[in-house]
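Structure file start-v1.cif; described as mmCIF, C-alpha atoms.
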data_protein
#
loop_
_atom_site.label_atom_id
_atom_site.label_comp_id
_atom_site.auth_asym_id
_atom_site.auth_seq_id
_atom_site.Cartn_x
_atom_site.Cartn_y
_atom_site.Cartn_z
CA MET U 1 7.90 -19.00 -25.38
CA ALA U 2 4.31 -20.08 -24.81
CA ARG U 3 2.12 -17.35 -23.44
CA GLU U 4 -1.06 -19.33 -22.84
CA GLY U 5 -0.05 -19.79 -19.23
CA ARG U 6 -0.13 -16.09 -18.54
CA THR U 7 -2.64 -15.02 -16.01
CA GLU U 8 -5.18 -12.55 -17.24
CA LEU U 9 -5.40 -9.81 -14.69
CA GLN U 10 -7.96 -7.15 -14.93
CA ASN U 11 -8.26 -4.03 -13.01
CA ALA U 12 -11.79 -4.37 -11.74
CA GLU U 13 -12.32 -0.60 -11.44
CA ASN U 14 -11.35 -0.08 -15.06
CA ALA U 15 -13.40 -3.02 -16.28
CA GLY U 16 -16.63 -1.38 -15.25
CA VAL U 17 -17.25 -3.92 -12.50
CA PRO U 18 -18.97 -2.44 -9.45
CA THR U 19 -16.25 -1.52 -6.96
CA GLY U 20 -17.54 -3.54 -4.07
CA PRO U 21 -19.82 -2.43 -1.30
CA GLU U 22 -20.59 1.22 -0.96
CA GLN U 23 -18.24 3.08 1.27
CA THR U 24 -19.53 3.85 4.71
CA ARG U 25 -16.44 5.53 6.06
CA PRO U 26 -15.97 9.19 5.22
CA GLY U 27 -12.79 10.43 3.62
CA PRO U 28 -10.97 10.05 0.35
CA VAL U 29 -10.30 6.69 -1.29
CA TYR U 30 -6.94 6.06 -2.92
CA SER U 31 -5.88 3.47 -5.42
CA PRO U 32 -2.54 2.06 -4.27
CA SER U 33 0.25 1.64 -6.82
CA VAL U 34 0.95 -2.01 -7.43
CA ASP U 35 3.48 -4.32 -9.03
CA ILE U 36 2.10 -7.69 -10.02
CA PHE U 37 4.26 -10.42 -11.39
CA GLU U 38 4.08 -14.15 -11.69
CA ASN U 39 6.26 -17.16 -12.12
CA ASP U 40 5.22 -20.76 -12.74
CA GLY U 41 4.30 -21.32 -9.12
CA SER U 42 2.75 -18.11 -7.85
CA ILE U 43 1.51 -14.60 -8.42
CA THR U 44 3.07 -11.83 -6.33
CA VAL U 45 1.36 -8.53 -5.60
CA LEU U 46 3.24 -5.58 -4.13
CA ALA U 47 1.12 -2.62 -3.07
CA ASP U 48 2.23 0.73 -1.65
CA MET U 49 0.00 1.51 1.30
CA PRO U 50 1.91 3.92 3.52
CA GLY U 51 0.38 4.50 6.92
CA VAL U 52 -1.66 1.30 6.93
CA LYS U 53 -1.12 -0.94 9.92
CA ALA U 54 -1.51 -4.71 9.65
CA GLU U 55 -4.70 -4.65 11.73
CA ASP U 56 -6.26 -2.05 9.39
CA LEU U 57 -5.53 -4.00 6.22
CA LYS U 58 -8.13 -6.34 4.78
CA ILE U 59 -7.33 -8.76 1.98
CA ASP U 60 -10.22 -10.65 0.51
CA LEU U 61 -10.18 -13.29 -2.19
CA ARG U 62 -13.45 -14.80 -3.26
CA GLU U 63 -14.63 -16.05 -6.60
CA SER U 64 -11.33 -14.96 -8.14
CA MET U 65 -11.89 -11.34 -7.05
CA LEU U 66 -9.00 -10.02 -5.00
CA THR U 67 -9.86 -6.98 -2.89
CA LEU U 68 -7.37 -4.88 -0.94
CA THR U 69 -8.69 -2.39 1.61
CA GLY U 70 -6.43 -0.46 3.94
CA ARG U 71 -7.43 2.28 6.29
CA VAL U 72 -5.13 5.05 7.43
CA SER U 73 -6.04 6.76 10.66
CA LEU U 74 -5.10 10.29 11.59
CA PRO U 75 -2.23 10.43 14.05
CA GLU U 76 -2.65 14.13 14.84
CA SER U 77 -4.66 15.51 17.69
CA ALA U 78 -7.30 18.16 17.28
CA LYS U 79 -5.19 20.75 19.08
CA GLU U 80 -2.83 21.17 16.15
CA SER U 81 -3.16 23.63 13.33
CA ASP U 82 -1.86 22.93 9.84
CA VAL U 83 1.30 24.59 8.62
CA LEU U 84 1.38 22.66 5.35
CA ARG U 85 -0.89 19.83 4.38
CA GLU U 86 -0.29 17.81 1.25
CA TYR U 87 -0.78 14.39 2.65
CA GLN U 88 -4.31 13.25 3.17
CA THR U 89 -5.44 10.18 4.98
CA GLY U 90 -8.22 7.94 3.89
CA THR U 91 -8.71 4.45 2.57
CA PHE U 92 -6.66 2.49 0.06
CA PHE U 93 -8.87 0.36 -2.13
CA ARG U 94 -8.20 -1.80 -5.15
CA GLN U 95 -9.67 -4.86 -6.77
CA PHE U 96 -8.36 -7.38 -9.29
CA THR U 97 -9.83 -10.36 -11.03
CA LEU U 98 -7.55 -13.36 -11.12
CA SER U 99 -8.10 -15.90 -13.85
CA GLU U 100 -5.71 -18.36 -12.28
CA ARG U 101 -6.87 -20.72 -9.53
CA ILE U 102 -5.17 -19.80 -6.28
CA ASP U 103 -4.35 -22.17 -3.45
CA GLN U 104 -6.20 -20.34 -0.69
CA THR U 105 -4.49 -22.30 2.06
CA LYS U 106 -1.00 -21.16 1.07
CA ILE U 107 -1.57 -17.43 0.61
CA ASP U 108 1.00 -15.34 2.42
CA ALA U 109 0.70 -11.63 3.16
CA LYS U 110 3.39 -9.46 4.68
CA LEU U 111 3.25 -5.74 5.41
CA THR U 112 6.62 -4.04 5.81
CA GLY U 113 7.25 -0.31 5.83
CA GLY U 114 3.85 0.39 4.30
CA VAL U 115 4.38 -2.04 1.42
CA LEU U 116 2.19 -5.11 1.17
CA ARG U 117 3.69 -8.24 -0.31
CA LEU U 118 1.09 -10.81 -1.20
CA GLU U 119 2.08 -14.26 -2.43
CA LEU U 120 -0.68 -16.15 -4.18
CA PRO U 121 0.41 -19.70 -4.97
CA LYS U 122 -1.30 -21.24 -7.98
CA VAL U 123 -3.02 -24.57 -7.53
CA GLU U 124 -0.92 -27.45 -8.78
CA LYS U 125 -2.90 -28.24 -11.90
CA ALA U 126 -2.73 -24.69 -13.18
CA ARG U 127 1.06 -24.88 -13.40
CA PRO U 128 2.46 -25.49 -16.85
CA ARG U 129 3.93 -28.89 -17.37
CA GLN U 130 5.63 -30.62 -20.20
CA ILE U 131 4.04 -33.73 -21.64
CA MET U 132 6.39 -36.37 -22.90
CA VAL U 133 5.47 -37.82 -26.26
CA ARG U 134 6.06 -41.52 -26.57
CA THR U 135 7.56 -42.92 -29.73
CA ASP U 136 7.20 -46.46 -30.94
CA MET Y 137 8.91 -14.16 -14.24
CA SER Y 138 6.51 -11.91 -16.09
CA TYR Y 139 5.00 -8.61 -15.04
CA HIS Y 140 1.31 -7.76 -15.16
CA ARG Y 141 1.61 -4.37 -13.48
CA LYS Y 142 4.61 -2.18 -12.84
CA GLU Y 143 3.36 0.98 -11.21
CA ARG Y 144 5.48 1.29 -8.11
CA ALA Y 145 8.45 3.59 -8.40
CA GLU Y 146 11.84 3.09 -6.90
CA GLY Y 147 14.46 5.70 -6.15
CA SER Y 148 15.12 8.15 -3.39
CA PHE Y 149 12.95 10.68 -1.63
CA ASN Y 150 14.38 14.11 -1.12
CA ARG Y 151 12.63 17.15 0.25
CA THR Y 152 13.71 20.38 1.88
CA VAL Y 153 11.32 22.63 3.73
CA THR Y 154 11.76 25.96 5.42
CA LEU Y 155 10.30 25.93 8.88
CA PRO Y 156 8.04 28.79 9.93
CA THR Y 157 9.70 29.17 13.33
CA GLU Y 158 12.95 28.54 15.14
CA VAL Y 159 13.14 25.02 16.52
CA ASP Y 160 15.05 23.37 19.32
CA ALA Y 161 17.38 21.21 17.23
CA GLU Y 162 18.52 19.29 20.31
CA ARG Y 163 15.07 17.89 20.98
CA VAL Y 164 13.98 16.92 17.47
CA ASP Y 165 12.38 13.49 17.40
CA ALA Y 166 12.16 11.26 14.33
CA ARG Y 167 9.99 8.19 14.03
CA TYR Y 168 9.49 5.95 11.03
CA ALA Y 169 6.56 3.53 10.98
CA ASP Y 170 4.51 1.86 8.25
CA GLY Y 171 6.22 3.90 5.55
CA ILE Y 172 5.52 7.24 7.20
CA LEU Y 173 8.18 9.47 8.71
CA THR Y 174 7.02 11.57 11.64
CA LEU Y 175 9.35 14.36 12.71
CA THR Y 176 8.50 16.29 15.82
CA LEU Y 177 10.29 19.62 15.99
CA PRO Y 178 9.80 21.43 19.28
CA LYS Y 179 9.66 25.18 18.88
CA ALA Y 180 12.57 27.09 20.33
CA GLU Y 181 11.81 28.97 23.52
CA ALA Y 182 12.44 32.24 21.71
CA ALA Y 183 9.77 31.43 19.13
CA LYS Y 184 7.01 30.58 21.60
CA PRO Y 185 4.34 33.16 22.24
CA ARG Y 186 4.62 34.83 25.58
CA GLN Y 187 2.63 37.29 27.53
CA ILE Y 188 4.26 40.51 28.59
CA ALA Y 189 3.04 42.08 31.74
CA VAL Y 190 2.49 45.80 31.43
CA ARG Y 191 3.76 47.81 34.35
CA THR Y 192 1.52 50.40 35.75
#

Please rewrite the model in this file as C-alpha coordinates.
Amino acid sequence: MAREGRTELQNAENAGVPTGPEQTRPGPVYSPSVDIFENDGSITVLADMPGVKAEDLKIDLRESMLTLTGRVSLPESAKESDVLREYQTGTFFRQFTLSERIDQTKIDAKLTGGVLRLELPKVEKARPRQIMVRTD
Amino acid sequence: MSYHRKERAEGSFNRTVTLPTEVDAERVDARYADGILTLTLPKAEAAKPRQIAVRT
(Lines of atoms letter the chains of each structure in order from A and count residues from 1; the text may use other names and numbers.)
(Lines give C-alpha, C1' and ligand atoms only; values in the text may rest on other atoms or scores of the structure.)
Protein backbone atom coordinates (compact mmCIF):
# COMPACT_ATOMS: atom_id res chain seq x y z
CA MET A 1 0.00 0.00 0.00
CA ALA A 2 1.53 3.28 -1.12
CA ARG A 3 1.69 5.87 1.60
CA GLU A 4 2.95 8.83 -0.41
CA GLY A 5 -0.62 10.03 -0.81
CA ARG A 6 -1.07 10.50 2.90
CA THR A 7 -1.72 14.00 3.98
CA GLU A 8 0.78 15.41 6.39
CA LEU A 9 -1.14 17.04 9.16
CA GLN A 10 0.56 19.03 11.78
CA ASN A 11 -0.80 20.37 14.92
CA ALA A 12 0.13 24.00 14.56
CA GLU A 13 0.26 24.62 18.32
CA ASN A 14 2.71 21.78 18.80
CA ALA A 15 4.82 22.77 15.81
CA GLY A 16 5.82 26.03 17.42
CA VAL A 17 3.85 28.08 14.91
CA PRO A 18 2.33 31.23 16.42
CA THR A 19 -1.24 30.39 17.41
CA GLY A 20 -2.94 33.08 15.42
CA PRO A 21 -3.92 36.52 16.54
CA GLU A 22 -3.69 37.36 20.18
CA GLN A 23 -6.82 36.69 22.10
CA THR A 24 -8.92 39.70 22.91
CA ARG A 25 -11.74 37.91 24.65
CA PRO A 26 -11.24 37.06 28.30
CA GLY A 27 -11.68 33.54 29.57
CA PRO A 28 -10.02 30.19 29.16
CA VAL A 29 -9.11 28.70 25.79
CA TYR A 30 -9.67 25.00 25.18
CA SER A 31 -8.26 22.70 22.57
CA PRO A 32 -11.11 20.60 21.23
CA SER A 33 -10.59 16.85 20.81
CA VAL A 34 -10.56 15.91 17.16
CA ASP A 35 -10.71 12.92 14.86
CA ILE A 36 -9.18 13.48 11.46
CA PHE A 37 -9.33 10.92 8.74
CA GLU A 38 -9.06 10.89 5.00
CA ASN A 39 -9.99 8.84 2.01
CA ASP A 40 -8.96 9.34 -1.61
CA GLY A 41 -11.45 12.14 -2.12
CA SER A 42 -11.55 14.14 1.08
CA ILE A 43 -10.32 14.86 4.56
CA THR A 44 -12.86 14.75 7.38
CA VAL A 45 -12.43 16.59 10.67
CA LEU A 46 -14.65 15.88 13.68
CA ALA A 47 -14.27 18.23 16.62
CA ASP A 48 -16.00 18.13 20.00
CA MET A 49 -17.16 21.64 20.79
CA PRO A 50 -20.02 21.31 23.27
CA GLY A 51 -21.95 24.50 23.87
CA VAL A 52 -20.88 26.18 20.64
CA LYS A 53 -23.70 27.42 18.46
CA ALA A 54 -23.33 27.58 14.68
CA GLU A 55 -23.24 31.38 14.73
CA ASP A 56 -20.38 31.36 17.26
CA LEU A 57 -18.21 28.96 15.28
CA LYS A 58 -15.60 30.29 12.89
CA ILE A 59 -13.80 28.04 10.43
CA ASP A 60 -11.00 29.59 8.48
CA LEU A 61 -8.84 28.03 5.80
CA ARG A 62 -6.15 30.12 4.23
CA GLU A 63 -2.75 29.20 2.91
CA SER A 64 -3.31 25.61 4.02
CA MET A 65 -3.82 26.70 7.65
CA LEU A 66 -7.12 25.48 9.05
CA THR A 67 -8.31 27.38 12.10
CA LEU A 68 -11.29 26.44 14.26
CA THR A 69 -12.59 28.98 16.77
CA GLY A 70 -15.76 28.43 18.78
CA ARG A 71 -17.08 30.59 21.53
CA VAL A 72 -19.26 29.34 24.36
CA SER A 73 -21.37 31.92 26.10
CA LEU A 74 -22.60 31.68 29.65
CA PRO A 75 -26.25 30.70 29.88
CA GLU A 76 -26.58 31.51 33.58
CA SER A 77 -27.78 34.77 34.97
CA ALA A 78 -25.89 36.74 37.58
CA LYS A 79 -28.52 36.01 40.22
CA GLU A 80 -27.42 32.41 40.63
CA SER A 81 -24.86 31.11 43.04
CA ASP A 82 -22.73 28.06 42.31
CA VAL A 83 -23.47 24.77 43.99
CA LEU A 84 -20.85 22.85 42.02
CA ARG A 85 -18.83 24.17 39.15
CA GLU A 86 -16.62 21.90 37.09
CA TYR A 87 -17.57 23.09 33.68
CA GLN A 88 -16.03 26.29 32.49
CA THR A 89 -16.95 28.24 29.44
CA GLY A 90 -14.53 29.90 27.14
CA THR A 91 -13.23 29.56 23.63
CA PHE A 92 -12.36 26.44 21.66
CA PHE A 93 -9.35 27.02 19.46
CA ARG A 94 -7.28 24.76 17.28
CA GLN A 95 -5.17 25.05 14.16
CA PHE A 96 -3.88 22.54 11.63
CA THR A 97 -1.68 22.76 8.61
CA LEU A 98 -2.95 20.81 5.63
CA SER A 99 -0.44 19.72 3.04
CA GLU A 100 -3.14 18.63 0.64
CA ARG A 101 -4.80 21.13 -1.69
CA ILE A 102 -8.42 21.56 -0.70
CA ASP A 103 -11.26 22.47 -3.01
CA GLN A 104 -12.47 25.56 -1.17
CA THR A 105 -15.74 25.69 -3.06
CA LYS A 106 -16.87 22.25 -1.88
CA ILE A 107 -16.08 22.48 1.82
CA ASP A 108 -18.99 21.38 3.98
CA ALA A 109 -19.36 22.07 7.70
CA LYS A 110 -22.09 20.71 9.93
CA LEU A 111 -22.53 21.25 13.65
CA THR A 112 -24.72 18.70 15.41
CA GLY A 113 -25.02 18.19 19.15
CA GLY A 114 -21.83 20.15 19.77
CA VAL A 115 -19.80 18.07 17.31
CA LEU A 116 -18.42 19.74 14.21
CA ARG A 117 -18.11 17.65 11.08
CA LEU A 118 -15.96 19.29 8.45
CA GLU A 119 -15.57 17.76 5.01
CA LEU A 120 -12.61 19.05 3.05
CA PRO A 121 -12.64 17.69 -0.50
CA LYS A 122 -9.23 17.40 -2.11
CA VAL A 123 -8.69 19.07 -5.45
CA GLU A 124 -8.91 16.61 -8.32
CA LYS A 125 -5.24 16.49 -9.19
CA ALA A 126 -4.20 15.63 -5.66
CA ARG A 127 -6.16 12.39 -5.79
CA PRO A 128 -4.11 9.28 -6.44
CA ARG A 129 -4.58 7.76 -9.82
CA GLN A 130 -3.23 4.75 -11.57
CA ILE A 131 -1.21 5.25 -14.72
CA MET A 132 -1.55 2.58 -17.35
CA VAL A 133 1.71 1.44 -18.86
CA ARG A 134 1.56 0.76 -22.55
CA THR A 135 3.29 -2.25 -23.98
CA ASP A 136 4.42 -2.65 -27.54
CA MET B 1 -9.67 5.47 5.02
CA SER B 2 -6.75 6.41 7.21
CA TYR B 3 -6.70 8.26 10.51
CA HIS B 4 -4.50 11.24 11.30
CA ARG B 5 -5.98 11.95 14.72
CA LYS B 6 -8.16 9.84 16.96
CA GLU B 7 -8.74 11.81 20.13
CA ARG B 8 -12.48 11.80 20.51
CA ALA B 9 -13.87 9.20 22.85
CA GLU B 10 -17.03 7.24 22.42
CA GLY B 11 -19.07 5.51 25.07
CA SER B 12 -21.67 6.53 27.58
CA PHE B 13 -21.86 9.32 30.10
CA ASN B 14 -23.01 8.44 33.56
CA ARG B 15 -23.09 10.67 36.60
CA THR B 16 -24.98 10.70 39.87
CA VAL B 17 -25.11 13.73 42.10
CA THR B 18 -26.69 14.33 45.47
CA LEU B 19 -28.73 17.49 45.47
CA PRO B 20 -28.26 19.96 48.31
CA THR B 21 -32.00 20.51 48.77
CA GLU B 22 -35.34 18.84 48.21
CA VAL B 23 -36.66 19.45 44.71
CA ASP B 24 -40.08 19.45 43.14
CA ALA B 25 -39.70 16.34 40.97
CA GLU B 26 -42.93 17.13 39.12
CA ARG B 27 -41.57 20.35 37.68
CA VAL B 28 -38.08 19.26 36.65
CA ASP B 29 -37.19 20.53 33.19
CA ALA B 30 -34.57 18.98 30.91
CA ARG B 31 -33.17 20.59 27.80
CA TYR B 32 -30.45 19.31 25.51
CA ALA B 33 -28.81 21.68 23.05
CA ASP B 34 -25.43 21.83 21.31
CA GLY B 35 -24.12 18.91 23.34
CA ILE B 36 -25.03 20.43 26.69
CA LEU B 37 -27.73 19.09 28.98
CA THR B 38 -29.45 21.71 31.11
CA LEU B 39 -31.59 20.40 33.95
CA THR B 40 -33.64 22.86 35.91
CA LEU B 41 -34.72 21.49 39.26
CA PRO B 42 -37.12 23.75 41.12
CA LYS B 43 -36.64 23.65 44.86
CA ALA B 44 -39.44 22.08 46.83
CA GLU B 45 -41.60 24.51 48.75
CA ALA B 46 -40.40 22.98 52.00
CA ALA B 47 -36.78 23.72 51.11
CA LYS B 48 -37.28 27.39 50.26
CA PRO B 49 -36.25 29.97 52.81
CA ARG B 50 -39.13 31.63 54.54
CA GLN B 51 -39.57 34.38 56.99
CA ILE B 52 -41.30 33.64 60.25
CA ALA B 53 -43.18 36.43 61.85
CA VAL B 54 -42.54 36.72 65.57
CA ARG B 55 -45.63 37.33 67.63
CA THR B 56 -45.46 39.97 70.21

Contact set, chain Y to chain U: 12 Å, only C-alpha atoms, as a PyMOL selection string: chain Y and resi 137-146+153-157+168-174+176

Atom CA of U:Lys110 to atom CA of U:Arg62, straight-line distance in Å: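 Straight-line distance from atom CA of U:Arg62 to atom CA of U:Lys110 works out to 19.4 Å.
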
Residue among U:Thr135, U:Glu63, U:Asp103, U:Ala109 lying closest to U:Lys122, counting only C-alpha atoms: U:Asp103

For atom CA of U:Thr97 and atom CA of U:Ser73, the interatomic separation in Å (one decimal):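 Straight-line distance from atom CA of U:Thr97 to atom CA of U:Ser73 works out to 27.9 Å.
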
Residue members of the PyMOL selection byres ((chain U and resi 69) around 6) in the file shown, as a ChimeraX atom specification: /U:57-58,68,70,92-93

All residues 10 Å or closer to Y:Asp165, all atoms listed in the file, same chain fewer than 3 positions away omitted, as a ChimeraX atom specification: /Y:161-162,174-178

Expected selection from the PyMOL selection byres ((chain Y and resi 184) around 12), given as a PyMOL selection string: chain Y and resi 156-160+178-183+185-187

Write out the residues from the selection above, keeping C-alpha atoms, as an mmCIF file, keeping the file's coordinate frame.
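To be explicit, this is the file written out as again-v2.cif:
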data_model
loop_
_atom_site.group_PDB
_atom_site.id
_atom_site.type_symbol
_atom_site.label_atom_id
_atom_site.label_comp_id
_atom_site.auth_asym_id
_atom_site.auth_seq_id
_atom_site.Cartn_x
_atom_site.Cartn_y
_atom_site.Cartn_z
ATOM 1 C CA PRO Y 156 8.040 28.790 9.930
ATOM 2 C CA THR Y 157 9.700 29.170 13.330
ATOM 3 C CA GLU Y 158 12.950 28.540 15.140
ATOM 4 C CA VAL Y 159 13.140 25.020 16.520
ATOM 5 C CA ASP Y 160 15.050 23.370 19.320
ATOM 6 C CA PRO Y 178 9.800 21.430 19.280
ATOM 7 C CA LYS Y 179 9.660 25.180 18.880
ATOM 8 C CA ALA Y 180 12.570 27.090 20.330
ATOM 9 C CA GLU Y 181 11.810 28.970 23.520
ATOM 10 C CA ALA Y 182 12.440 32.240 21.710
ATOM 11 C CA ALA Y 183 9.770 31.430 19.130
ATOM 12 C CA PRO Y 185 4.340 33.160 22.240
ATOM 13 C CA ARG Y 186 4.620 34.830 25.580
ATOM 14 C CA GLN Y 187 2.630 37.290 27.530
#

Test item: residues at most 10 Å from U:Leu61, only C-alpha atoms, excluding those fewer than 3 positions along its chain, as an NGL selection string: :U and (64-68 or 95-98 or 102 or 104 or 107)

Pairwise distance for atom CA of U:Tyr30 and atom CA of U:Gly90, rounded to one decimal in Å: 7.2 Å

Nearest residue to U:Val123 from the set U:Arg101, U:Asp136, U:Val29, U:Lys106 (distances using all atoms listed in the file):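 Looking at the shortest contact to U:Val123, the residue is U:Arg101.
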